[in-house]
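Coordinates as given in work14.cif (mmCIF, C-alpha atoms):
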data_model
loop_
_atom_site.label_atom_id
_atom_site.label_comp_id
_atom_site.auth_asym_id
_atom_site.auth_seq_id
_atom_site.Cartn_x
_atom_site.Cartn_y
_atom_site.Cartn_z
CA MET E 1 93.20 33.43 178.31
CA GLY E 2 95.65 36.30 178.86
CA LEU E 3 95.79 39.35 176.64
CA ARG E 4 98.47 39.40 174.00
CA ASP E 5 100.34 42.42 172.62
CA PRO E 6 99.02 43.76 169.31
CA THR E 7 100.64 42.30 166.25
CA PRO E 8 103.46 44.60 165.00
CA PRO E 9 103.04 46.24 161.57
CA ASP E 10 104.08 44.25 158.61
CA ALA E 11 107.74 44.93 157.92
CA THR E 12 107.27 44.80 154.14
CA ALA E 13 104.52 47.44 154.24
CA MET E 14 106.72 49.72 156.32
CA LEU E 15 109.59 49.35 153.85
CA ARG E 16 107.30 50.24 150.93
CA THR E 17 106.07 53.32 152.76
CA LYS E 18 109.62 54.53 153.43
CA THR E 19 110.62 53.90 149.81
CA ARG E 20 107.59 55.83 148.55
CA SER E 21 108.41 58.80 150.81
CA ARG E 22 111.96 58.92 149.42
CA GLN E 23 110.73 58.87 145.84
CA HIS E 24 108.07 61.54 146.46
CA PRO E 25 109.41 63.96 149.07
CA THR E 26 106.93 66.16 150.83
CA PHE E 27 107.17 69.87 150.08
CA TYR E 28 106.04 72.56 152.47
CA ASP E 29 105.46 75.89 150.76
CA GLY E 30 107.93 74.99 148.04
CA ALA E 31 110.73 73.66 150.26
CA VAL E 32 111.51 70.34 151.88
CA ASN E 33 111.34 69.98 155.66
CA SER E 34 109.78 73.36 156.42
CA PRO E 35 107.84 74.11 159.66
CA ALA E 36 105.18 71.61 160.65
CA ASP E 37 102.37 74.16 160.57
CA ALA E 38 102.59 74.38 156.79
CA SER E 39 100.39 72.14 154.69
CA PRO E 40 102.20 69.32 152.89
CA ARG E 41 102.46 69.07 149.13
CA THR E 42 103.99 66.53 146.80
CA ALA E 43 106.98 67.28 144.61
CA SER E 44 104.75 67.75 141.58
CA ASP E 45 103.02 70.63 143.37
CA ALA E 46 106.21 72.55 144.19
CA GLY E 47 105.98 76.06 142.81
CA ASN E 48 102.19 76.16 142.88
CA ASP E 49 100.63 79.06 144.73
CA VAL E 50 98.72 77.79 147.73
CA THR E 51 97.65 79.31 151.00
CA THR E 52 98.44 77.18 153.99
CA PRO E 53 96.46 77.08 157.25
CA GLY E 54 97.27 80.19 159.23
CA GLY E 55 98.64 81.94 156.14
CA GLY E 56 102.03 80.25 156.48
CA LEU E 57 103.09 80.65 152.84
CA ASP E 58 102.15 84.24 152.03
CA ASP E 59 103.47 85.57 155.35
CA ARG E 60 106.98 84.43 154.45
CA LEU E 61 107.04 85.59 150.81
CA SER E 62 107.96 88.90 149.25
CA TRP E 63 104.96 90.72 147.78
CA TYR E 64 106.03 89.91 144.21
CA ALA E 65 106.31 86.19 145.08
CA ARG E 66 102.65 85.97 146.13
CA PRO E 67 100.11 85.04 143.42
CA LEU E 68 98.67 88.51 142.77
CA GLY E 69 102.04 90.17 143.31
CA THR E 70 103.63 87.88 140.72
CA ALA E 71 100.81 88.66 138.31
CA TRP E 72 101.31 92.42 138.66
CA MET E 73 105.08 92.09 138.40
CA LEU E 74 104.85 90.06 135.19
CA LEU E 75 102.22 92.37 133.72
CA VAL E 76 104.01 95.66 134.39
CA THR E 77 107.47 94.51 133.26
CA ALA E 78 106.10 92.79 130.16
CA LEU E 79 104.02 95.84 129.19
CA LEU E 80 107.11 98.02 129.50
CA GLY E 81 109.09 95.66 127.31
CA LEU E 82 106.24 95.35 124.83
CA TYR E 83 105.94 99.12 124.54
CA GLY E 84 109.59 99.44 123.56
CA THR E 85 109.22 96.51 121.16
CA LEU E 86 106.14 97.96 119.43
CA MET E 87 107.86 101.31 118.96
CA LEU E 88 110.86 99.55 117.41
CA VAL E 89 108.61 97.55 115.08
CA MET E 90 106.79 100.71 114.00
CA GLU E 91 110.05 102.50 113.25
CA ARG E 92 111.39 99.43 111.45
CA VAL E 93 108.33 99.30 109.16
CA MET E 94 108.69 103.01 108.40
CA LEU E 95 112.33 102.48 107.48
CA TRP E 96 111.32 99.65 105.14
CA ASN E 97 108.83 101.95 103.44
CA ASP E 98 111.18 104.94 103.36
CA PRO E 99 114.94 104.37 103.70
CA ASN E 100 115.34 108.11 104.42
CA HIS E 101 112.89 108.05 107.31
CA ILE E 102 114.17 109.71 110.49
CA THR E 103 113.01 107.70 113.49
CA SER E 104 111.43 109.36 116.50
CA CYS E 105 114.43 108.40 118.63
CA ASP E 106 117.07 109.81 116.31
CA LEU E 107 118.09 112.47 118.81
CA ASN E 108 121.76 112.99 117.97
CA PRO E 109 124.75 111.04 116.59
CA TRP E 110 124.99 109.05 119.84
CA VAL E 111 121.28 108.22 120.26
CA SER E 112 119.76 106.95 117.02
CA CYS E 113 117.51 103.93 116.65
CA GLY E 114 117.66 104.26 112.88
CA GLU E 115 121.44 103.88 112.78
CA VAL E 116 121.37 100.92 115.16
CA MET E 117 118.76 99.19 112.97
CA LYS E 118 121.21 99.30 110.05
CA THR E 119 123.76 97.12 111.88
CA TRP E 120 124.02 93.34 111.70
CA GLN E 121 123.50 93.11 115.47
CA SER E 122 119.92 94.30 115.03
CA GLN E 123 119.17 91.13 113.00
CA LEU E 124 121.19 88.49 114.79
CA PHE E 125 118.96 85.63 113.60
CA ASN E 126 118.44 87.05 110.09
CA PHE E 127 115.24 88.82 111.12
CA PRO E 128 114.71 91.96 113.25
CA ASN E 129 115.40 91.29 116.91
CA GLN E 130 112.21 93.08 117.95
CA PHE E 131 110.15 90.26 116.44
CA ILE E 132 111.34 88.10 119.33
CA GLY E 133 109.83 90.57 121.78
CA MET E 134 106.61 90.63 119.78
CA VAL E 135 106.19 86.94 120.63
CA ALA E 136 107.79 86.73 124.08
CA PHE E 137 106.20 89.65 125.93
CA PRO E 138 102.59 88.73 125.03
CA ILE E 139 103.29 85.24 126.42
CA VAL E 140 104.38 86.76 129.74
CA ILE E 141 101.26 88.97 129.76
CA THR E 142 99.09 85.89 129.14
CA ILE E 143 100.69 84.12 132.10
CA ALA E 144 100.00 87.20 134.23
CA MET E 145 96.33 87.11 133.20
CA GLY E 146 96.20 83.44 134.17
CA LEU E 147 97.53 84.28 137.64
CA PHE E 148 94.92 87.02 138.01
CA ALA E 149 92.34 84.32 137.23
CA ARG E 150 93.85 82.17 140.03
CA ALA E 151 95.45 79.68 137.67
CA ARG E 152 98.06 77.35 139.18
CA PHE E 153 101.11 76.19 137.26
CA ALA E 154 103.31 73.17 137.91
CA ARG E 155 106.97 73.36 138.86
CA TRP E 156 108.15 72.42 135.36
CA PHE E 157 106.19 75.36 133.96
CA TRP E 158 107.93 77.88 136.24
CA ILE E 159 111.33 76.34 135.46
CA GLY E 160 110.66 76.61 131.73
CA MET E 161 109.53 80.21 132.10
CA ASN E 162 112.59 81.10 134.15
CA LEU E 163 114.86 79.57 131.50
CA GLY E 164 113.08 81.53 128.78
CA VAL E 165 113.41 84.80 130.70
CA LEU E 166 117.07 83.98 131.43
CA ALA E 167 117.68 83.57 127.68
CA GLY E 168 116.05 86.95 127.08
CA PHE E 169 118.14 88.55 129.81
CA VAL E 170 121.38 87.13 128.38
CA PHE E 171 120.33 88.45 124.95
CA ILE E 172 119.78 92.01 126.17
CA VAL E 173 123.10 91.92 128.05
CA TRP E 174 124.75 91.06 124.73
CA LEU E 175 122.79 93.83 122.96
CA TRP E 176 123.84 96.31 125.65
CA SER E 177 127.51 95.38 125.21
CA GLN E 178 127.24 95.72 121.45
CA ALA E 179 125.48 99.09 121.56
CA VAL E 180 127.82 100.61 124.14
CA TYR E 181 131.19 99.11 123.15
CA GLU E 182 130.91 98.06 119.48
CA ILE E 183 128.27 100.10 117.65
CA ASN E 184 128.88 103.17 119.85
CA ILE E 185 125.30 104.32 119.28
CA LEU E 186 122.40 104.01 121.71
CA CYS E 187 118.87 102.95 120.84
CA LEU E 188 116.34 104.70 123.11
CA TYR E 189 113.52 102.17 122.65
CA CYS E 190 115.98 99.31 123.09
CA MET E 191 116.84 100.74 126.49
CA VAL E 192 113.12 100.72 127.38
CA VAL E 193 113.14 96.98 126.71
CA TRP E 194 116.24 96.61 128.89
CA ALA E 195 114.47 98.49 131.68
CA GLY E 196 111.65 95.93 131.61
CA MET E 197 113.79 92.82 131.28
CA ILE E 198 116.06 93.53 134.26
CA PRO E 199 113.35 93.45 136.98
CA LEU E 200 111.47 90.69 135.14
CA PHE E 201 114.45 88.36 135.34
CA VAL E 202 115.59 89.25 138.86
CA LEU E 203 112.13 89.16 140.48
CA LEU E 204 110.96 86.02 138.67
CA THR E 205 114.13 84.20 139.70
CA SER E 206 113.71 85.41 143.30
CA ARG E 207 110.09 84.27 143.25
CA ASN E 208 111.05 80.79 142.12
CA ILE E 209 113.81 80.51 144.71
CA GLN E 210 111.42 81.53 147.49
CA HIS E 211 108.84 78.97 146.35
CA GLY E 212 111.37 76.16 146.11
CA VAL E 213 110.99 75.85 142.34
CA ILE E 214 114.73 76.46 142.19
CA PRO E 215 116.24 74.38 145.04
CA ALA E 216 118.25 76.56 147.41
CA PRO E 217 119.35 76.55 151.06
CA ALA E 218 117.55 78.74 153.55
CA GLY E 219 120.27 81.39 153.44
CA LEU E 220 119.97 81.81 149.69
CA ARG E 221 116.18 81.98 149.89
CA LYS E 222 116.49 84.77 152.45
CA PHE E 223 119.05 86.56 150.27
CA ALA E 224 116.76 86.30 147.23
CA ALA E 225 113.85 87.78 149.19
CA GLU E 226 115.80 90.66 150.77
CA TRP E 227 118.28 91.64 148.05
CA SER E 228 116.28 91.48 144.82
CA TRP E 229 115.56 95.20 144.69
CA PRO E 230 119.13 96.25 145.57
CA ILE E 231 120.35 93.96 142.77
CA ILE E 232 117.95 95.61 140.32
CA VAL E 233 119.15 99.07 141.38
CA LEU E 234 122.79 97.99 140.99
CA LEU E 235 122.10 96.69 137.49
CA TYR E 236 120.38 99.94 136.51
CA VAL E 237 123.27 101.96 137.96
CA GLY E 238 125.79 99.74 136.15
CA VAL E 239 124.08 100.26 132.79
CA LEU E 240 123.78 104.01 133.36
CA ALA E 241 127.40 104.30 134.47
CA SER E 242 128.65 102.41 131.40
CA ILE E 243 126.68 104.77 129.15
CA LEU E 244 127.92 107.92 130.89
CA LEU E 245 131.52 106.76 130.79
CA ARG E 246 131.42 105.56 127.20
CA PHE E 247 129.49 108.58 125.86
CA SER E 248 130.96 111.22 128.13
CA ASN E 249 131.49 113.57 125.17
CA ALA E 250 127.77 113.54 124.48
CA PHE E 251 126.75 114.41 128.03
CA PHE E 252 129.54 116.63 129.36
#
Translate this structure into structure tokens?
Amino acid sequence: MGLRDPTPPDATAMLRTKTRSRQHPTFYDGAVNSPADASPRTASDAGNDVTTPGGGLDDRLSWYARPLGTAWMLLVTALLGLYGTLMLVMERVMLWNDPNHITSCDLNPWVSCGEVMKTWQSQLFNFPNQFIGMVAFPIVITIAMGLFARARFARWFWIGMNLGVLAGFVFIVWLWSQAVYEINILCLYCMVVWAGMIPLFVLLTSRNIQHGVIPAPAGLRKFAAEWSWPIIVLLYVGVLASILLRFSNAFF
């Protein structure tokens, strides 16, 4: 008997395989259709920190987007924000105990935490704003400790964290506008919190874009990796410029 060609694969099985691949796209280092030398991951793993054969992932990431770099970035920025928050809480308690208390940051008529604390903006949700920081910054520090311990978090976790940090960033932008353009008095410890929130938001967002947690084209991922620090500097300069222009009489 003559040899026959092998039986072709079952068409139904092939269709199921294609359907499954569409429903569960393969991620390479947080992005779809990346170079073949990267190790594949499922969509549920996107955003996790993994090291691919040949170091493919870490070699393409900014230092703060790598596991230990992210941990240090979260820790330092959160500690800075927590310091400002704790100082505000301490001064708030002293004001409760003694309405005539002069806070440690009451430097002049234009820089006075005590005067700012007497405004409605300092209690937007009917409790002191600094209580929000007392809860939020320790959470960020806890996440940083988890990363130091080599914990891995799912994509939904990083998205939720980014949304939370975004909400905090929007809140401090509003507080900045109120202090500079409505209250016309600066709060020194509030500005310490601003200084921590700006890099926390920018670098965390850049980290998530680079990992594919936030879907983005290759050009945007490159922009996020290369322009994060210039953006932070521009934001700092913008805040400083607004203060110098608005309070020019106090400085010149």
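Taking atom CA of Ile214 of chain E and atom CA of Ala65 of chain E as the two end points, the separation is 13.2 Å.
Note that atom CA of Leu204 of chain E and atom CA of Trp158 of chain E are 9.0 Å apart.
Separating atom CA of Ile141 of chain E from atom CA of Leu75 of chain E is a distance of 5.3 Å.
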Handout entry: Residues selected by the PyMOL selection byres ((chain E and resi 191) around 10), written as a list in words
Key = Gly81, Gly84, Ile172, Leu175, Trp176, Leu186, Cys187, Leu188, Tyr189, Cys190, Val192, Val193, Trp194, Ala195, Gly196, Met197 and Val239 of chain E
Exercise for the section: Counting all atoms listed in the file, figure out which residue out of E:Glu182, E:Ala167, E:Ala154, E:Pro138 gets nearest to Thr85 of chain E. Expected result: E:Pro138
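The residues returned by the PyMOL selection byres ((chain E and resi 102-114) around 9) for this structure are E:Leu88, E:Glu91, E:Arg92, E:Met94, E:Leu95, E:Pro99, E:Asn100, E:His101, E:Glu115, E:Val116, E:Met117, E:Lys118, E:Asn184, E:Ile185, E:Leu186, E:Cys187, E:Leu188, E:Tyr189, E:Cys190, E:Phe247, E:Ala250.
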Handout entry: Non-local contacts of segment 146-151 of chain E (9 Å; all atoms listed in the file; under 4 positions in same chain excluded) as a ChimeraX atom specification
Key = /E:49,67-68,70-72,141-142
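Within the file as shown, the PyMOL selection byres ((chain E and resi 199) around 10) identifies Met73, Leu74, Val76, Thr77, Ala78, Phe169, Trp194, Ala195, Gly196, Met197, Ile198, Leu200, Phe201, Val202, Leu203, Leu204, Thr205, Ser228, Trp229, Ile231, Ile232, Val233, Leu235 and Tyr236 of chain E.
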Could you give me segment 226-237 of chain E completed to all heavy atoms, formatted as a PDB file, in the frame of the given file?
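Writing the result to rebuild05.pdb gives the following:
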ATOM      1  N   GLU E 226     115.429  89.359 150.201  1.00  0.00           N
ATOM      2  CA  GLU E 226     115.800  90.660 150.770  1.00  0.00           C
ATOM      3  C   GLU E 226     116.652  91.512 149.821  1.00  0.00           C
ATOM      4  O   GLU E 226     116.682  92.740 149.978  1.00  0.00           O
ATOM      5  CB  GLU E 226     116.577  90.444 152.074  1.00  0.00           C
ATOM      6  CG  GLU E 226     115.742  89.789 153.173  1.00  0.00           C
ATOM      7  CD  GLU E 226     116.546  89.565 154.449  1.00  0.00           C
ATOM      8  OE1 GLU E 226     117.776  89.814 154.422  1.00  0.00           O
ATOM      9  OE2 GLU E 226     115.936  89.151 155.458  1.00  0.00           O
ATOM     10  N   TRP E 227     117.326  90.886 148.857  1.00  0.00           N
ATOM     11  CA  TRP E 227     118.280  91.640 148.050  1.00  0.00           C
ATOM     12  C   TRP E 227     117.885  91.772 146.586  1.00  0.00           C
ATOM     13  O   TRP E 227     118.683  92.256 145.769  1.00  0.00           O
ATOM     14  CB  TRP E 227     119.649  90.982 148.151  1.00  0.00           C
ATOM     15  CG  TRP E 227     120.311  91.269 149.455  1.00  0.00           C
ATOM     16  CD1 TRP E 227     120.187  90.578 150.626  1.00  0.00           C
ATOM     17  CD2 TRP E 227     121.174  92.375 149.748  1.00  0.00           C
ATOM     18  NE1 TRP E 227     120.917  91.159 151.628  1.00  0.00           N
ATOM     19  CE2 TRP E 227     121.547  92.279 151.109  1.00  0.00           C
ATOM     20  CE3 TRP E 227     121.682  93.439 148.985  1.00  0.00           C
ATOM     21  CZ2 TRP E 227     122.382  93.192 151.713  1.00  0.00           C
ATOM     22  CZ3 TRP E 227     122.523  94.349 149.593  1.00  0.00           C
ATOM     23  CH2 TRP E 227     122.859  94.223 150.936  1.00  0.00           C
ATOM     24  N   SER E 228     116.685  91.380 146.227  1.00  0.00           N
ATOM     25  CA  SER E 228     116.280  91.480 144.820  1.00  0.00           C
ATOM     26  C   SER E 228     116.255  92.920 144.334  1.00  0.00           C
ATOM     27  O   SER E 228     116.790  93.243 143.263  1.00  0.00           O
ATOM     28  CB  SER E 228     114.892  90.842 144.637  1.00  0.00           C
ATOM     29  OG  SER E 228     114.950  89.461 144.853  1.00  0.00           O
ATOM     30  N   TRP E 229     115.643  93.799 145.117  1.00  0.00           N
ATOM     31  CA  TRP E 229     115.560  95.200 144.690  1.00  0.00           C
ATOM     32  C   TRP E 229     116.926  95.877 144.680  1.00  0.00           C
ATOM     33  O   TRP E 229     117.230  96.613 143.713  1.00  0.00           O
ATOM     34  CB  TRP E 229     114.567  95.961 145.559  1.00  0.00           C
ATOM     35  CG  TRP E 229     113.147  95.564 145.268  1.00  0.00           C
ATOM     36  CD1 TRP E 229     112.331  94.808 146.049  1.00  0.00           C
ATOM     37  CD2 TRP E 229     112.402  95.863 144.084  1.00  0.00           C
ATOM     38  NE1 TRP E 229     111.114  94.612 145.431  1.00  0.00           N
ATOM     39  CE2 TRP E 229     111.137  95.253 144.237  1.00  0.00           C
ATOM     40  CE3 TRP E 229     112.681  96.584 142.927  1.00  0.00           C
ATOM     41  CZ2 TRP E 229     110.134  95.352 143.260  1.00  0.00           C
ATOM     42  CZ3 TRP E 229     111.690  96.679 141.951  1.00  0.00           C
ATOM     43  CH2 TRP E 229     110.439  96.072 142.119  1.00  0.00           C
ATOM     44  N   PRO E 230     117.782  95.681 145.683  1.00  0.00           N
ATOM     45  CA  PRO E 230     119.130  96.250 145.570  1.00  0.00           C
ATOM     46  C   PRO E 230     119.888  95.756 144.337  1.00  0.00           C
ATOM     47  O   PRO E 230     120.630  96.518 143.714  1.00  0.00           O
ATOM     48  CB  PRO E 230     119.812  95.791 146.863  1.00  0.00           C
ATOM     49  CG  PRO E 230     118.695  95.660 147.845  1.00  0.00           C
ATOM     50  CD  PRO E 230     117.543  95.134 147.041  1.00  0.00           C
ATOM     51  N   ILE E 231     119.694  94.493 143.974  1.00  0.00           N
ATOM     52  CA  ILE E 231     120.350  93.960 142.770  1.00  0.00           C
ATOM     53  C   ILE E 231     119.839  94.678 141.527  1.00  0.00           C
ATOM     54  O   ILE E 231     120.610  95.032 140.624  1.00  0.00           O
ATOM     55  CB  ILE E 231     120.128  92.441 142.666  1.00  0.00           C
ATOM     56  CG1 ILE E 231     120.935  91.719 143.756  1.00  0.00           C
ATOM     57  CG2 ILE E 231     120.542  91.927 141.289  1.00  0.00           C
ATOM     58  CD1 ILE E 231     120.654  90.229 143.834  1.00  0.00           C
ATOM     59  N   ILE E 232     118.530  94.901 141.467  1.00  0.00           N
ATOM     60  CA  ILE E 232     117.950  95.610 140.320  1.00  0.00           C
ATOM     61  C   ILE E 232     118.525  97.021 140.227  1.00  0.00           C
ATOM     62  O   ILE E 232     118.899  97.496 139.146  1.00  0.00           O
ATOM     63  CB  ILE E 232     116.416  95.657 140.443  1.00  0.00           C
ATOM     64  CG1 ILE E 232     115.838  94.255 140.272  1.00  0.00           C
ATOM     65  CG2 ILE E 232     115.810  96.608 139.404  1.00  0.00           C
ATOM     66  CD1 ILE E 232     114.354  94.151 140.581  1.00  0.00           C
ATOM     67  N   VAL E 233     118.589  97.719 141.362  1.00  0.00           N
ATOM     68  CA  VAL E 233     119.150  99.070 141.380  1.00  0.00           C
ATOM     69  C   VAL E 233     120.607  99.056 140.923  1.00  0.00           C
ATOM     70  O   VAL E 233     121.039  99.910 140.132  1.00  0.00           O
ATOM     71  CB  VAL E 233     119.023  99.688 142.789  1.00  0.00           C
ATOM     72  CG1 VAL E 233     119.772 101.013 142.860  1.00  0.00           C
ATOM     73  CG2 VAL E 233     117.556  99.899 143.150  1.00  0.00           C
ATOM     74  N   LEU E 234     121.382  98.082 141.394  1.00  0.00           N
ATOM     75  CA  LEU E 234     122.790  97.990 140.990  1.00  0.00           C
ATOM     76  C   LEU E 234     122.925  97.751 139.488  1.00  0.00           C
ATOM     77  O   LEU E 234     123.821  98.321 138.843  1.00  0.00           O
ATOM     78  CB  LEU E 234     123.472  96.861 141.763  1.00  0.00           C
ATOM     79  CG  LEU E 234     123.794  97.136 143.239  1.00  0.00           C
ATOM     80  CD1 LEU E 234     124.351  95.883 143.908  1.00  0.00           C
ATOM     81  CD2 LEU E 234     124.778  98.296 143.375  1.00  0.00           C
ATOM     82  N   LEU E 235     122.058  96.929 138.933  1.00  0.00           N
ATOM     83  CA  LEU E 235     122.100  96.690 137.490  1.00  0.00           C
ATOM     84  C   LEU E 235     121.750  97.948 136.706  1.00  0.00           C
ATOM     85  O   LEU E 235     122.406  98.271 135.697  1.00  0.00           O
ATOM     86  CB  LEU E 235     121.147  95.550 137.117  1.00  0.00           C
ATOM     87  CG  LEU E 235     121.585  94.150 137.556  1.00  0.00           C
ATOM     88  CD1 LEU E 235     120.478  93.131 137.301  1.00  0.00           C
ATOM     89  CD2 LEU E 235     122.860  93.736 136.822  1.00  0.00           C
ATOM     90  N   TYR E 236     120.736  98.672 137.163  1.00  0.00           N
ATOM     91  CA  TYR E 236     120.380  99.940 136.510  1.00  0.00           C
ATOM     92  C   TYR E 236     121.546 100.926 136.584  1.00  0.00           C
ATOM     93  O   TYR E 236     121.893 101.586 135.593  1.00  0.00           O
ATOM     94  CB  TYR E 236     119.151 100.553 137.174  1.00  0.00           C
ATOM     95  CG  TYR E 236     117.830  99.983 136.732  1.00  0.00           C
ATOM     96  CD1 TYR E 236     116.766  99.895 137.615  1.00  0.00           C
ATOM     97  CD2 TYR E 236     117.631  99.550 135.424  1.00  0.00           C
ATOM     98  CE1 TYR E 236     115.543  99.379 137.216  1.00  0.00           C
ATOM     99  CE2 TYR E 236     116.418  99.028 135.016  1.00  0.00           C
ATOM    100  CZ  TYR E 236     115.366  98.951 135.919  1.00  0.00           C
ATOM    101  OH  TYR E 236     114.156  98.439 135.525  1.00  0.00           O
ATOM    102  N   VAL E 237     122.149 101.035 137.778  1.00  0.00           N
ATOM    103  CA  VAL E 237     123.270 101.960 137.960  1.00  0.00           C
ATOM    104  C   VAL E 237     124.451 101.544 137.083  1.00  0.00           C
ATOM    105  O   VAL E 237     125.127 102.392 136.480  1.00  0.00           O
ATOM    106  CB  VAL E 237     123.690 102.017 139.442  1.00  0.00           C
ATOM    107  CG1 VAL E 237     124.995 102.787 139.606  1.00  0.00           C
ATOM    108  CG2 VAL E 237     122.592 102.660 140.281  1.00  0.00           C
TER     109      VAL E 237
END
